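Here is the structure we will look at, set down as structure tokens.
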Amino acid sequence: MPFLFVSLTDQKNQATLVIPVDAEAAAVAPVHPAGLEGPGPMEKFTNKLVLITGGSSGIGLALAKNLVSRGANVYILGRRLENLTTTSLEMKKNRIDPSQRTGIISADVSREKSTIRILESFQEKVGVPDYIFNSAGIVFPGQVENIPIAEFHSLMATNFFGTVLVTKTFLPAMLVRGTGHIINISSFAGFYASYGYSAYSSTKYAIRGFSDVIRAELKPRGIKVSIVFPADVDTPQLAYERSVQTEIMKEINASAGMLPSEKVADSILKGVEKGRYVITPGFEPTLAYFLSVTVGWALYPLMDSLIKSAEKKVHKNTAS
């Protein structure tokens, strides 16, 4: 089957836009004119244009495959072209209609100028997304005195400013159109200060603050915003985290549950369909978030107790 490839590369700033489009489908199914029809009581993804950052692994990958299986036109953004290419093949397998379009964008959201250029090219050639899932994120666990300042900057550049950058790039066109839905992936650590995650948690709290404000500003103008607070998810990032955690961190997290990324993605999309602002996939983050907004002060002594217990166990194991 013939394909057209639109490739725009910024060699200096390491950003590439690769848009594979089925040529026959393009002839009969032009880019969906998002937002022309009024939304129903439940949001649907069929024929909608979706952009997912961090879409080549973890939650982003699970969202991409799920959305394609629901009939959406899905484009994923990530740093590693080889991973994106593999994911692109997986997305194609999940299509329910040959007219669906999928594509990849190789870019680093922490690189502001090159990312803006590549996203503007995407908007011109593909369109303005109906849904933006800001899922790109990195982590650097460790006690605060052992985390270099450079890592604080690096995490903030990707996790927080990357979310702001992608949102602001498409927001003007969304506002002109009068519709759109922005979904920001925060974390359990975005409302519950997690021991050993001072750099990461700071970025996720920042995403929460940003999301709270733009929700209030954009809702009257037709733009929906959601924020997601997942706990531990079975992803390559979590595997990395656990490989570098301190003994106390491992002890604190020993009883924590872990959800498959596919289940988390399904929970996120159910929340988006229902137009929910706060989405907490799974029982643990749902209960913890409820407690944080009702008796938030009680979480501090709880954390103190968990740390104290973990320290005793670690010291006991060391002594023996």
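Naming works like this for the structure tokens: A, B, ... for the chains as they're shown, residue 1 at the start of each chain, ligands 1 onward in shown order.
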
Could the residues of segment 205-226 of chain A that have an atom at most 6 Å from segment 181-197 of chain A be listed as a Markdown table, each with its closest atom pair and the distance in Å to one decimal, counting only C-alpha atoms and ordered by chain and ascending residue number?
```
| residue | atom | partner | partner_atom | distance |
| --- | --- | --- | --- | --- |
| A:Tyr205 | CA | A:Gly190 | CA | 4.3 |
| A:Ile223 | CA | A:His181 | CA | 5.8 |
| A:Lys224 | CA | A:His181 | CA | 4.5 |
| A:Val225 | CA | A:Ile182 | CA | 4.8 |
| A:Ser226 | CA | A:Ile183 | CA | 4.7 |
```

Give me a file of those residues, with N, CA and C atoms, as a PDB file, in the first residue's frame.
```
ATOM      1  N   TYR A 205       4.274  18.596  41.208  1.00  0.00           N
ATOM      2  CA  TYR A 205       3.477  19.614  41.905  1.00  0.00           C
ATOM      3  C   TYR A 205       3.297  20.832  41.000  1.00  0.00           C
ATOM      4  N   ILE A 223     -12.279  25.061  26.306  1.00  0.00           N
ATOM      5  CA  ILE A 223     -11.149  24.135  26.353  1.00  0.00           C
ATOM      6  C   ILE A 223     -11.177  23.379  27.674  1.00  0.00           C
ATOM      7  N   LYS A 224     -11.194  22.064  27.596  1.00  0.00           N
ATOM      8  CA  LYS A 224     -11.196  21.229  28.799  1.00  0.00           C
ATOM      9  C   LYS A 224      -9.768  20.894  29.221  1.00  0.00           C
ATOM     10  N   VAL A 225      -9.590  20.710  30.511  1.00  0.00           N
ATOM     11  CA  VAL A 225      -8.291  20.328  31.069  1.00  0.00           C
ATOM     12  C   VAL A 225      -8.514  19.185  32.045  1.00  0.00           C
ATOM     13  N   SER A 226      -7.646  18.200  32.018  1.00  0.00           N
ATOM     14  CA  SER A 226      -7.657  17.115  33.000  1.00  0.00           C
ATOM     15  C   SER A 226      -6.252  16.932  33.542  1.00  0.00           C
TER      16      SER A 226
END
```

Distance query segment 62-72 of chain A at most 8 Å, only C-alpha atoms, self and fewer than 2 positions along chain excluded, as a PyMOL selection string = chain A and resi 45-50+52+55+57-60+74-76+90-92+94-97+100-101+261-262+265-266+269

Shell around segment 284-293 of chain A at 12 Å using only C-alpha atoms, local window under 5 positions removed, as a VMD selection string = chain A and resid 186 to 193 228 to 233 255 to 259 264 267 278 to 279 298 to 300 302

So which bits of segment 116-197 of chain A end up alpha helix (DSSP H) when you DSSP the backbone, as a PyMOL selection string?
-> chain A and resi 116-125+149-155+161-177

Among segment 24-252 of chain A, which ones does DSSP place in strand (DSSP E or B), written as JSON, numbers by chain?
-> {"A": [49, 50, 51, 52, 53, 73, 74, 75, 76, 77, 78, 102, 103, 104, 105, 106, 131, 132, 133, 134, 142, 180, 181, 182, 183, 184, 185, 197, 223, 224, 225, 226, 227, 228, 233, 234]}

Same residues, N, CA and C atoms, saved as a CSV table (one decimal), in the first residue's frame:
```csv
chain,number,residue,atom,x,y,z
A,49,LEU,N,-8.2,14.0,16.3
A,49,LEU,CA,-6.7,14.1,16.2
A,49,LEU,C,-6.1,14.2,17.6
A,50,VAL,N,-5.2,13.3,17.8
A,50,VAL,CA,-4.6,13.2,19.2
A,50,VAL,C,-3.0,13.3,19.1
A,51,LEU,N,-2.5,14.0,20.0
A,51,LEU,CA,-1.0,14.1,20.1
A,51,LEU,C,-0.6,13.7,21.5
A,52,ILE,N,0.3,12.8,21.6
A,52,ILE,CA,0.8,12.2,22.9
A,52,ILE,C,2.3,12.4,23.0
A,53,THR,N,2.7,13.2,24.0
A,53,THR,CA,4.2,13.3,24.2
A,53,THR,C,4.6,12.1,25.1
A,73,ASN,N,-7.0,9.3,15.3
A,73,ASN,CA,-5.8,9.5,14.5
A,73,ASN,C,-4.7,10.0,15.5
A,74,VAL,N,-3.7,9.2,15.7
A,74,VAL,CA,-2.8,9.3,16.8
A,74,VAL,C,-1.4,9.6,16.3
A,75,TYR,N,-0.8,10.7,16.9
A,75,TYR,CA,0.6,11.0,16.6
A,75,TYR,C,1.4,11.1,17.9
A,76,ILE,N,2.5,10.5,18.0
A,76,ILE,CA,3.3,10.4,19.2
A,76,ILE,C,4.6,11.1,19.1
A,77,LEU,N,5.0,11.7,20.2
A,77,LEU,CA,6.2,12.5,20.2
A,77,LEU,C,7.2,11.9,21.3
A,78,GLY,N,8.4,11.7,20.9
A,78,GLY,CA,9.4,11.2,21.8
A,78,GLY,C,10.8,11.5,21.4
A,102,THR,N,-1.7,7.7,11.6
A,102,THR,CA,-0.8,7.7,12.7
A,102,THR,C,0.5,8.2,12.2
A,103,GLY,N,1.3,8.8,13.2
A,103,GLY,CA,2.6,9.4,12.8
A,103,GLY,C,3.5,9.6,14.0
A,104,ILE,N,4.7,9.9,13.8
A,104,ILE,CA,5.7,10.1,14.9
A,104,ILE,C,6.4,11.4,14.7
A,105,ILE,N,6.8,12.0,15.9
A,105,ILE,CA,7.5,13.2,15.9
A,105,ILE,C,8.7,12.9,16.9
A,106,SER,N,9.9,13.0,16.3
A,106,SER,CA,11.1,12.8,17.1
A,106,SER,C,11.6,14.2,17.6
A,131,TYR,N,-7.1,16.4,21.2
A,131,TYR,CA,-6.6,16.0,22.5
A,131,TYR,C,-5.1,16.1,22.5
A,132,ILE,N,-4.6,16.6,23.6
A,132,ILE,CA,-3.1,16.6,23.8
A,132,ILE,C,-2.9,15.9,25.2
A,133,PHE,N,-2.1,14.8,25.1
A,133,PHE,CA,-1.7,14.1,26.3
A,133,PHE,C,-0.3,14.4,26.6
A,134,ASN,N,0.0,15.3,27.6
A,134,ASN,CA,1.3,15.6,28.0
A,134,ASN,C,1.9,14.5,29.0
A,142,GLY,N,16.6,9.9,44.7
A,142,GLY,CA,17.8,10.1,45.6
A,142,GLY,C,17.5,11.1,46.7
A,180,GLY,N,-11.2,21.7,22.5
A,180,GLY,CA,-9.9,21.0,22.7
A,180,GLY,C,-9.9,20.4,24.2
A,181,HIS,N,-9.1,19.4,24.4
A,181,HIS,CA,-8.9,18.8,25.7
A,181,HIS,C,-7.5,18.6,25.9
A,182,ILE,N,-6.9,19.2,27.0
A,182,ILE,CA,-5.5,19.0,27.4
A,182,ILE,C,-5.5,18.1,28.6
A,183,ILE,N,-4.7,17.0,28.5
A,183,ILE,CA,-4.6,16.1,29.6
A,183,ILE,C,-3.1,16.0,30.1
A,184,ASN,N,-2.9,16.5,31.3
A,184,ASN,CA,-1.5,16.6,31.8
A,184,ASN,C,-1.3,15.4,32.8
A,185,ILE,N,-0.3,14.6,32.6
A,185,ILE,CA,0.1,13.5,33.4
A,185,ILE,C,1.0,14.0,34.5
A,197,TYR,N,12.2,11.8,46.3
A,197,TYR,CA,11.8,12.3,45.0
A,197,TYR,C,11.7,13.8,45.0
A,223,ILE,N,-12.3,25.1,26.3
A,223,ILE,CA,-11.1,24.1,26.4
A,223,ILE,C,-11.2,23.4,27.7
A,224,LYS,N,-11.2,22.1,27.6
A,224,LYS,CA,-11.2,21.2,28.8
A,224,LYS,C,-9.8,20.9,29.2
A,225,VAL,N,-9.6,20.7,30.5
A,225,VAL,CA,-8.3,20.3,31.1
A,225,VAL,C,-8.5,19.2,32.0
A,226,SER,N,-7.6,18.2,32.0
A,226,SER,CA,-7.7,17.1,33.0
A,226,SER,C,-6.3,16.9,33.5
A,227,ILE,N,-6.2,16.5,34.8
A,227,ILE,CA,-4.9,16.1,35.4
A,227,ILE,C,-4.9,14.7,35.9
A,228,VAL,N,-3.9,14.0,35.7
A,228,VAL,CA,-3.9,12.6,36.1
A,228,VAL,C,-2.8,12.3,37.1
A,233,VAL,N,3.4,2.5,38.1
A,233,VAL,CA,2.9,1.9,36.9
A,233,VAL,C,4.1,1.0,36.4
A,234,ASP,N,3.7,-0.1,35.9
A,234,ASP,CA,4.7,-1.0,35.3
A,234,ASP,C,5.3,-0.5,34.0
```

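Atom to atom, atom CA of Phe160 of chain A and atom CA of Asp212 of chain A stand 13.7 Å apart.
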
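Interatomic distance, atom CA of Leu89 of chain A to atom CA of Glu112 of chain A: 28.1 Å.
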
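Each of A:Ala107, A:Ala310, A:Ile138, A:Leu175 was checked against Pro220 of chain A using only C-alpha atoms; the smallest atom-to-atom distance is that of A:Leu175.
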
d(atom CA of Asp130 of chain A, atom CA of Leu171 of chain A) in Å | 10.8 Å

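Proximity ranking of A:Val166, A:Leu61, A:Ala206, A:Val314 relative to Arg117 of chain A places A:Val166 first, based on only C-alpha atoms.
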
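Using only C-alpha atoms, the smallest distance between any of A:Lys263, A:Arg215, A:Lys316, A:Arg221 and Arg276 of chain A comes from A:Arg215.
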
Do you know which residues are at most 9 Å from segment 150-157 of chain A counting only C-alpha atoms, after dropping those on the same chain fewer than 3 positions away, and could you put them as a list in words?
-> Val109, Ser110, Arg111, Gly137, Ile138, Val139, Phe140, Ile147, Phe160, Phe161, Gly162, Ser198, Ala199, Tyr200, Ser202, Thr203, Lys204 and Ala206 of chain A

Could the residues in this selection be written to a file with C-alpha atoms, as a PDB file, in the first residue's frame?
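Below is the file part.pdb, written as the result:
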```pdb
ATOM      1  CA  VAL A 109      10.427  18.793  24.684  1.00  0.00           C
ATOM      2  CA  SER A 110      13.190  20.256  26.846  1.00  0.00           C
ATOM      3  CA  ARG A 111      14.607  21.896  23.688  1.00  0.00           C
ATOM      4  CA  GLY A 137       8.634  12.713  31.826  1.00  0.00           C
ATOM      5  CA  ILE A 138      11.920  11.675  33.408  1.00  0.00           C
ATOM      6  CA  VAL A 139      12.930  10.870  36.984  1.00  0.00           C
ATOM      7  CA  PHE A 140      16.037  11.055  39.189  1.00  0.00           C
ATOM      8  CA  ILE A 147      20.823  15.111  43.574  1.00  0.00           C
ATOM      9  CA  PHE A 160       7.090  20.850  33.670  1.00  0.00           C
ATOM     10  CA  PHE A 161       8.294  23.222  30.960  1.00  0.00           C
ATOM     11  CA  GLY A 162       7.762  20.498  28.348  1.00  0.00           C
ATOM     12  CA  SER A 198      12.504  15.970  45.749  1.00  0.00           C
ATOM     13  CA  ALA A 199      13.398  16.793  42.125  1.00  0.00           C
ATOM     14  CA  TYR A 200      10.689  14.686  40.503  1.00  0.00           C
ATOM     15  CA  SER A 202       8.643  19.290  42.540  1.00  0.00           C
ATOM     16  CA  THR A 203       7.971  19.032  38.804  1.00  0.00           C
ATOM     17  CA  LYS A 204       4.759  17.104  39.333  1.00  0.00           C
ATOM     18  CA  ALA A 206       4.262  22.323  39.349  1.00  0.00           C
TER      19      ALA A 206
END
```
